[in-house]
Amino acid sequence: MSSKFTTRRLATDAILVALYALLAAFVSIKAGNLRITFASLPIVVCALLYGPADACIVAALGELMNQMLSYGFTLTTPLWLVPPVVRALIIGLGAAAFSARGERLEKSLAKFYLICLAAALATTLANTAVLWLDSVILGYYSYEYVFASFLVRIFTGVVTAVIVSTIAVPVAAALRKAGFGRLCAEG
């Protein structure tokens, strides 16, 4: 691995971390415990280009920046890093599995969307678990606050996943064409 490749990859990850933080903190709709955001786009693109390790780093550092910008550091800040890392891990492992066979995940659109939807559902479940833990630890728990909007969060998570996945395919293709990415370099 050349140092130029490593430098480019680190720089790409850093840009994706910053983009995640900006999308999460400043380009989102928040209503109570419901948040609609396209912050997962950098995670999906990173997972397609570099696999699970880079995607998890982008997710964790991006969410940490988002937490710092939005709430500062609290006792439960580390818990909030888990849901985006779950998404990164699922999509990154899917992309790596396809790459190991010499294929690109996003070239098999049905499987790509299924993996992204599975990641969205797992992320929503992780968010609900973290919201519950956060509410219990910090003393604001109520069943209604934590669980009443669960179905709405599932729905918005699925819709957002479809939109983000649709955008991620041409973005990843353009970045690959420009020489970015390491997973499955061939056509």
# chains A, B, ... in the order shown; residues from 1 in each chain; ligands from 1

$ residues_around --residues "A:Ile154" --least-positions-apart "3" --cutoff "12 Å" --atoms "only C-alpha atoms" --output "PyMOL selection string"
chain A and resi 34-36+117-128+147-151+157-161

$ residues_around --residues "stretch 90-100 of chain A" --least-positions-apart "4" --cutoff "7 Å" --atoms "only C-alpha atoms" --output "ChimeraX atom specification"
/A:44,47-48,51-52,55,86,104-105,115-116,119,183-184

$ select_by_dssp --residues "chain A" --states "helix (DSSP H, G or I)" --output "MDAnalysis selection string"
chainID A and resid 3:26 40:50 52:70 77:80 82:100 105:107 109:138 143:147 150:177

$ closest_atom_pairs --of "stretch 75-117 of chain A" --to "stretch 65-69 of chain A" --cutoff "10 Å" --atoms "only C-alpha atoms" --output "CSV"
residue,atom,partner,partner_atom,distance
A:Thr77,CA,A:Gln67,CA,6.8
A:Pro78,CA,A:Gln67,CA,9.3
A:Trp80,CA,A:Gln67,CA,7.9
A:Leu81,CA,A:Gln67,CA,8.7

$ residues_around --residues "A:Leu10" --least-positions-apart "4" --cutoff "12 Å" --atoms "only C-alpha atoms" --output "list in words"
Ser3, Lys4, Phe5, Thr6, Ala14, Ile15, Leu16, Val17, Cys46, Tyr50, Asp54, Ala55, Ile57, Val58, Phe180 and Gly181 of chain A

$ write_last_selection --atoms "C-alpha atoms" --output "short mmCIF file (atom, residue, chain, number, x, y, z; two decimals), in the first residue's frame"
data_model
loop_
_atom_site.label_atom_id
_atom_site.label_comp_id
_atom_site.auth_asym_id
_atom_site.auth_seq_id
_atom_site.Cartn_x
_atom_site.Cartn_y
_atom_site.Cartn_z
CA SER A 3 1.67 6.34 1.16
CA LYS A 4 -0.24 8.33 -1.48
CA PHE A 5 -3.07 5.78 -1.32
CA THR A 6 -3.05 5.87 2.46
CA ALA A 14 -11.86 12.83 7.12
CA ILE A 15 -14.02 14.58 4.54
CA LEU A 16 -16.75 11.97 4.98
CA VAL A 17 -16.59 12.42 8.78
CA CYS A 46 -17.55 4.94 2.57
CA TYR A 50 -13.53 1.11 1.58
CA ASP A 54 -13.39 2.82 7.33
CA ALA A 55 -17.19 3.09 7.39
CA ILE A 57 -14.59 5.02 11.74
CA VAL A 58 -16.53 7.56 9.67
CA PHE A 180 -11.14 6.62 -4.91
CA GLY A 181 -11.98 3.37 -3.19
#

$ select_by_dssp --residues "chain A" --states "strand (DSSP E)" --output "list in words"
Ser28, Ile29, Lys30, Ala31, Leu34, Arg35, Ile36 and Thr37 of chain A
